[in-house]
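Visitor: One file: run_13.cif (mmCIF, C-alpha atoms).
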```cif
data_structure
#
loop_
_atom_site.group_PDB
_atom_site.id
_atom_site.type_symbol
_atom_site.label_atom_id
_atom_site.label_comp_id
_atom_site.auth_asym_id
_atom_site.auth_seq_id
_atom_site.Cartn_x
_atom_site.Cartn_y
_atom_site.Cartn_z
ATOM 1 C CA MET Q 1 9.840 11.830 -0.489
ATOM 2 C CA ARG Q 2 11.589 10.284 2.472
ATOM 3 C CA ARG Q 3 8.797 8.404 4.247
ATOM 4 C CA VAL Q 4 6.246 6.986 1.824
ATOM 5 C CA ALA Q 5 3.155 4.994 2.846
ATOM 6 C CA ILE Q 6 1.403 3.091 0.055
ATOM 7 C CA ILE Q 7 -2.189 1.979 0.664
ATOM 8 C CA GLY Q 8 -5.000 0.494 -1.414
ATOM 9 C CA SER Q 9 -6.975 -2.666 -2.018
ATOM 10 C CA ALA Q 10 -5.351 -6.054 -2.329
ATOM 11 C CA GLY Q 11 -4.351 -6.503 -5.954
ATOM 12 C CA ALA Q 12 -3.794 -2.792 -6.581
ATOM 13 C CA GLY Q 13 -0.013 -3.242 -6.794
ATOM 14 C CA LYS Q 14 1.174 -1.797 -3.480
ATOM 15 C CA SER Q 15 4.139 -4.143 -3.142
ATOM 16 C CA THR Q 16 5.210 -3.744 -6.752
ATOM 17 C CA LEU Q 17 5.046 0.049 -6.526
ATOM 18 C CA SER Q 18 6.918 0.061 -3.216
ATOM 19 C CA ARG Q 19 9.770 -1.972 -4.720
ATOM 20 C CA GLU Q 20 9.964 0.364 -7.729
ATOM 21 C CA LEU Q 21 9.928 3.474 -5.527
ATOM 22 C CA GLY Q 22 12.549 1.948 -3.257
ATOM 23 C CA VAL Q 23 14.896 1.571 -6.214
ATOM 24 C CA LEU Q 24 14.110 4.996 -7.734
ATOM 25 C CA LEU Q 25 14.427 6.899 -4.456
ATOM 26 C CA GLY Q 26 17.057 4.754 -2.759
ATOM 27 C CA LEU Q 27 14.709 4.007 0.144
ATOM 28 C CA PRO Q 28 14.439 0.807 2.162
ATOM 29 C CA VAL Q 29 11.179 -1.054 1.523
ATOM 30 C CA ILE Q 30 9.021 -2.480 4.302
ATOM 31 C CA HIS Q 31 6.213 -4.875 3.357
ATOM 32 C CA LEU Q 32 3.684 -4.981 6.202
ATOM 33 C CA ASP Q 33 2.407 -8.388 5.092
ATOM 34 C CA ARG Q 34 5.922 -9.760 5.585
ATOM 35 C CA LEU Q 35 5.988 -8.414 9.145
ATOM 36 C CA PHE Q 36 2.422 -9.402 10.057
ATOM 37 C CA TRP Q 37 2.087 -12.985 8.817
ATOM 38 C CA ARG Q 38 3.954 -15.779 10.539
ATOM 39 C CA PRO Q 39 4.465 -19.234 8.975
ATOM 40 C CA GLY Q 40 1.170 -20.963 8.265
ATOM 41 C CA TRP Q 41 -0.665 -17.639 7.955
ATOM 42 C CA VAL Q 42 -0.660 -17.012 11.710
ATOM 43 C CA GLU Q 43 -1.384 -13.385 12.646
ATOM 44 C CA THR Q 44 0.939 -11.347 14.846
ATOM 45 C CA PRO Q 45 -0.788 -10.507 18.156
ATOM 46 C CA ARG Q 46 -2.165 -6.935 18.300
ATOM 47 C CA GLU Q 47 0.214 -5.507 20.932
ATOM 48 C CA GLU Q 48 3.254 -6.925 19.180
ATOM 49 C CA TRP Q 49 1.941 -5.700 15.816
ATOM 50 C CA VAL Q 50 1.699 -2.122 17.067
ATOM 51 C CA ARG Q 51 5.209 -2.374 18.542
ATOM 52 C CA VAL Q 52 6.657 -3.798 15.302
ATOM 53 C CA GLN Q 53 5.150 -0.986 13.238
ATOM 54 C CA THR Q 54 6.162 1.681 15.727
ATOM 55 C CA GLU Q 55 9.763 0.493 15.392
ATOM 56 C CA ALA Q 56 9.505 0.329 11.595
ATOM 57 C CA VAL Q 57 8.295 3.921 11.197
ATOM 58 C CA ARG Q 58 11.032 5.326 13.437
ATOM 59 C CA GLY Q 59 13.428 5.149 10.511
ATOM 60 C CA GLU Q 60 14.294 8.395 8.750
ATOM 61 C CA ARG Q 61 13.674 6.977 5.273
ATOM 62 C CA TRP Q 62 11.363 4.212 4.034
ATOM 63 C CA VAL Q 63 8.602 3.034 1.752
ATOM 64 C CA ILE Q 64 5.944 1.013 3.588
ATOM 65 C CA ASP Q 65 3.201 -0.841 1.756
ATOM 66 C CA GLY Q 66 0.063 -2.281 3.274
ATOM 67 C CA ASN Q 67 -3.321 -1.352 4.653
ATOM 68 C CA TYR Q 68 -3.921 -2.717 8.144
ATOM 69 C CA GLY Q 69 -6.576 -0.138 8.942
ATOM 70 C CA SER Q 70 -6.285 -0.579 12.698
ATOM 71 C CA THR Q 71 -2.762 0.868 12.572
ATOM 72 C CA LEU Q 72 -3.074 3.100 9.489
ATOM 73 C CA GLU Q 73 -3.014 6.313 11.507
ATOM 74 C CA LEU Q 74 0.364 5.320 12.962
ATOM 75 C CA ARG Q 75 1.885 5.304 9.455
ATOM 76 C CA LEU Q 76 -0.038 8.328 8.211
ATOM 77 C CA GLY Q 77 1.182 10.312 11.207
ATOM 78 C CA VAL Q 78 4.852 9.980 10.265
ATOM 79 C CA ALA Q 79 4.741 9.603 6.468
ATOM 80 C CA ASP Q 80 5.525 12.703 4.420
ATOM 81 C CA THR Q 81 3.942 11.147 1.314
ATOM 82 C CA ILE Q 82 0.920 8.874 1.114
ATOM 83 C CA ILE Q 83 0.094 7.130 -2.139
ATOM 84 C CA PHE Q 84 -3.433 5.753 -2.377
ATOM 85 C CA LEU Q 85 -3.898 3.209 -5.156
ATOM 86 C CA ASP Q 86 -7.599 3.820 -5.711
ATOM 87 C CA PHE Q 87 -8.207 1.247 -8.444
ATOM 88 C CA PRO Q 88 -11.484 -0.190 -9.725
ATOM 89 C CA ARG Q 89 -12.482 -3.393 -7.974
ATOM 90 C CA LEU Q 90 -12.395 -5.470 -11.168
ATOM 91 C CA VAL Q 91 -8.740 -4.545 -11.746
ATOM 92 C CA CYS Q 92 -7.870 -5.559 -8.186
ATOM 93 C CA LEU Q 93 -9.873 -8.767 -8.328
ATOM 94 C CA TRP Q 94 -8.291 -9.762 -11.653
ATOM 95 C CA ARG Q 95 -4.801 -9.091 -10.275
ATOM 96 C CA VAL Q 96 -5.479 -11.139 -7.130
ATOM 97 C CA LEU Q 97 -6.580 -14.081 -9.270
ATOM 98 C CA LYS Q 98 -3.584 -13.649 -11.585
ATOM 99 C CA ARG Q 99 -1.245 -13.496 -8.580
ATOM 100 C CA ARG Q 100 -2.762 -16.714 -7.223
ATOM 101 C CA ARG Q 101 -1.974 -18.482 -10.466
ATOM 102 C CA GLN Q 102 1.525 -16.989 -10.668
ATOM 103 C CA TYR Q 103 2.509 -17.976 -7.109
ATOM 104 C CA ALA Q 104 0.400 -21.137 -6.690
ATOM 105 C CA GLY Q 105 1.843 -23.059 -3.767
ATOM 106 C CA ARG Q 106 4.739 -20.610 -3.342
ATOM 107 C CA THR Q 107 5.315 -17.614 -1.105
ATOM 108 C CA ARG Q 108 5.446 -14.157 -2.707
ATOM 109 C CA PRO Q 109 8.528 -12.039 -1.945
ATOM 110 C CA ASP Q 110 6.414 -9.533 0.028
ATOM 111 C CA LEU Q 111 5.110 -12.196 2.433
ATOM 112 C CA GLY Q 112 6.805 -13.893 5.335
ATOM 113 C CA PRO Q 113 8.219 -17.393 4.948
ATOM 114 C CA GLY Q 114 5.747 -20.245 5.207
ATOM 115 C CA CYS Q 115 2.824 -18.298 3.739
ATOM 116 C CA PRO Q 116 2.172 -19.776 0.303
ATOM 117 C CA GLU Q 117 -0.215 -17.833 -1.916
ATOM 118 C CA ARG Q 118 -3.848 -18.599 -1.164
ATOM 119 C CA ILE Q 119 -7.302 -17.287 -1.898
ATOM 120 C CA ASP Q 120 -10.587 -17.909 -0.147
ATOM 121 C CA TRP Q 121 -14.080 -16.501 -0.592
ATOM 122 C CA GLU Q 122 -13.744 -14.218 2.410
ATOM 123 C CA PHE Q 123 -10.674 -12.567 0.900
ATOM 124 C CA LEU Q 124 -12.285 -12.232 -2.547
ATOM 125 C CA ARG Q 125 -15.332 -10.689 -0.897
ATOM 126 C CA TRP Q 126 -13.085 -8.211 0.956
ATOM 127 C CA VAL Q 127 -11.437 -7.178 -2.356
ATOM 128 C CA TRP Q 128 -14.838 -6.828 -4.040
ATOM 129 C CA ARG Q 129 -16.273 -4.765 -1.176
ATOM 130 C CA PHE Q 130 -13.156 -2.603 -0.621
ATOM 131 C CA PRO Q 131 -14.685 0.385 -2.487
ATOM 132 C CA LEU Q 132 -17.796 0.214 -0.290
ATOM 133 C CA ASP Q 133 -16.411 -0.848 3.077
ATOM 134 C CA GLU Q 134 -12.820 0.449 3.254
ATOM 135 C CA ARG Q 135 -12.451 3.273 0.735
ATOM 136 C CA PRO Q 136 -14.746 5.808 2.490
ATOM 137 C CA GLY Q 137 -12.751 5.499 5.720
ATOM 138 C CA VAL Q 138 -9.448 5.796 3.883
ATOM 139 C CA LEU Q 139 -10.647 8.904 2.054
ATOM 140 C CA ALA Q 140 -11.852 10.460 5.310
ATOM 141 C CA LYS Q 141 -8.473 9.838 6.972
ATOM 142 C CA LEU Q 142 -6.619 11.280 3.988
ATOM 143 C CA ALA Q 143 -8.869 14.350 3.884
ATOM 144 C CA GLY Q 144 -8.179 14.949 7.578
ATOM 145 C CA LEU Q 145 -4.393 14.990 7.235
ATOM 146 C CA SER Q 146 -2.409 18.167 7.821
ATOM 147 C CA PRO Q 147 -1.542 20.209 4.720
ATOM 148 C CA ASP Q 148 2.159 19.372 5.040
ATOM 149 C CA LYS Q 149 1.370 15.771 4.029
ATOM 150 C CA ARG Q 150 1.597 15.013 0.345
ATOM 151 C CA VAL Q 151 -1.266 12.754 -0.758
ATOM 152 C CA ILE Q 152 -1.127 11.198 -4.200
ATOM 153 C CA ARG Q 153 -4.149 9.312 -5.478
ATOM 154 C CA LEU Q 154 -3.533 7.056 -8.449
ATOM 155 C CA ALA Q 155 -6.722 5.625 -9.945
ATOM 156 C CA SER Q 156 -5.389 3.210 -12.577
ATOM 157 C CA PRO Q 157 -2.338 1.213 -13.609
ATOM 158 C CA ALA Q 158 -1.774 3.825 -16.341
ATOM 159 C CA ALA Q 159 -1.694 6.599 -13.709
ATOM 160 C CA VAL Q 160 0.935 4.616 -11.759
ATOM 161 C CA ALA Q 161 3.031 4.241 -14.922
ATOM 162 C CA ARG Q 162 2.797 8.006 -15.606
ATOM 163 C CA PHE Q 163 3.706 8.782 -11.994
ATOM 164 C CA LEU Q 164 6.798 6.541 -12.179
ATOM 165 C CA ASP Q 165 7.784 8.017 -15.561
ATOM 166 C CA ASP Q 166 7.468 11.540 -14.128
ATOM 167 C CA LEU Q 167 9.498 10.512 -11.112
ATOM 168 C CA ARG Q 168 12.264 9.124 -13.321
ATOM 169 C CA ARG Q 169 12.324 12.371 -15.348
ATOM 170 C CA GLU Q 170 11.669 15.004 -12.684
ATOM 171 C CA GLY Q 171 12.810 13.457 -9.420
ATOM 172 C CA PRO Q 172 11.056 13.122 -6.035
ATOM 173 C CA GLY Q 173 8.932 16.277 -6.500
ATOM 174 C CA ALA Q 174 7.007 14.772 -9.432
ATOM 175 C CA THR Q 175 3.254 14.444 -8.970
ATOM 176 C CA GLY Q 176 2.488 12.269 -11.986
ATOM 177 C CA ALA Q 177 -0.485 12.567 -14.297
ATOM 178 C CA GLY Q 178 -3.669 11.458 -12.595
ATOM 179 C CA ALA Q 179 -2.278 12.226 -9.152
ATOM 180 C CA LEU Q 180 -3.782 14.591 -6.634
ATOM 181 C CA ALA Q 181 -1.359 16.874 -4.797
ATOM 182 C CA SER Q 182 -3.807 17.416 -1.933
ATOM 183 C CA PRO Q 183 -5.990 15.030 0.074
ATOM 184 C CA PRO Q 184 -8.969 13.692 -1.899
ATOM 185 C CA ARG Q 185 -12.459 14.412 -0.642
ATOM 186 C CA ALA Q 186 -14.534 11.576 0.766
ATOM 187 C CA GLY Q 187 -17.394 10.391 -1.397
#
```
Let me see the file written as structure tokens.
Guide:
Amino acid sequence: MRRVAIIGSAGAGKSTLSRELGVLLGLPVIHLDRLFWRPGWVETPREEWVRVQTEAVRGERWVIDGNYGSTLELRLGVADTIIFLDFPRLVCLWRVLKRRRQYAGRTRPDLGPGCPERIDWEFLRWVWRFPLDERPGVLAKLAGLSPDKRVIRLASPAAVARFLDDLRREGPGATGAGALASPPRAG
């Protein structure tokens, strides 16, 4: 694992897993939310966003966390390992609410400066609908990847813990219990 892309719903733990993998594998960690959001929750313009990500993925070694579906194929094209945190919506929703309480009025470490934690109904709706609106497209993209890509699907916090335990014991070739070694099928 030299170039790892971590994707999944908000609240699935992408940033936490990326930090842990960065330490375990000695890889630099890139949080897409930190690159995308400017102070006051201002979005990076599309052309600049593509350029920023193109530069980020040029590195030989990294862990990148974040969805950003409009540029997902850019990351999938260069990643050797893709980890899909395919968690139940209630787990993600609970974690988003817990995170809001934990960072109330403050900026999380995976966000850019000047972006204090916030929640609105549109965001909560997006988290709730992720399995219906986003997941099918993600699964289709993963299923269409070349066989040389390693796709790991982790469907629960327990599966993530097993994966990290296996990685600590066995090294970068570990697949972890509950992980798929090949692209999952859509549906």
Visitor: Please write the residues picked by the PyMOL selection byres ((chain Q and resi 21-28) around 8) on this file as a VMD selection string.
Guide: chain Q and resid 1 to 2 17 to 20 29 to 30 61 to 63 164 167 to 168 172
Visitor: So which one's closest to Q:Glu117, Q:Pro157, Q:Asp148, Q:Gly40, Q:Phe84? Using all atoms listed in the file, please.
Guide: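 The answer is Q:Gly40, which sits nearest to Q:Glu117.
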Visitor: List as a list in words the protein and nucleic acid residues near Q:Thr54, meaning an atom at most 10 Å away when all atoms listed in the file are counted, but skip any in the same chain fewer than 6 places from it.
Guide: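 So the residues in contact are Glu48, Thr71, Leu74 and Arg75 of chain Q.
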Visitor: Take the PyMOL selection byres ((chain Q and resi 128-133) around 8), apply it to the structure above, and return the hits as a list in words.
Guide: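 Selection result, ordered by chain and number: Ser9, Pro88, Arg89, Leu90, Leu93, Leu124, Arg125, Trp126, Val127, Glu134, Arg135, Pro136 and Gly137 of chain Q.
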Visitor: Please list as a list in words every residue within 7 Å of Q:Ile83, counting all atoms listed in the file and excluding residues in the same chain fewer than 3 positions away.
Guide: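 My reading of the contact set: Ala5, Ile6, Ile7, Val151, Ile152 and Arg153 of chain Q.
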Visitor: Edge lengths and centre in Å to one decimal, as lines of an AutoDock Vina configuration file, is what I'm after for the box along x, y and z that holds all listed atoms of stretch 148-163 of chain Q once 4 Å is added on each side.
Guide:
```
center_x = -1.5
center_y = 10.3
center_z = -5.7
size_x = 18.4
size_y = 26.2
size_z = 29.4
```
Visitor: Quick check on the file I pasted: which residues fall under the PyMOL selection byres ((chain Q and resi 149) around 8)? Write them as a PyMOL selection string.
Guide: chain Q and resi 79-82+145-148+150-151
Visitor: What is the atom CA of Q:Leu154 to atom CA of Q:Leu111 distance in Å?
Guide: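 One can read the atom CA of Q:Leu154 to atom CA of Q:Leu111 distance as 23.7 Å.
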Visitor: Rounded to one decimal place, report the atom CA of Q:Cys115-atom CA of Q:Trp37 distance in Å.
Guide: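 Going from atom CA of Q:Cys115 over to atom CA of Q:Trp37 covers 7.4 Å.
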Visitor: Hey, can you check how far atom CA of Q:Gly69 sits from atom CA of Q:Arg34?
Guide: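 Distance reported for this atom pair: 16.1 Å.
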Visitor: When you count all atoms listed in the file, which of these residues is closest to Q:Lys98: Q:Arg162, Q:Arg51, Q:His31, Q:Arg118?
Guide: Q:Arg118
Visitor: Could you check the closest approach to Q:Ala158 for each of Q:Ser70, Q:Pro113, Q:Phe87, Q:Ala104 and tell me which residue wins, using all atoms listed in the file?
Guide: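 Among the listed residues, Q:Phe87 lies closest to Q:Ala158.
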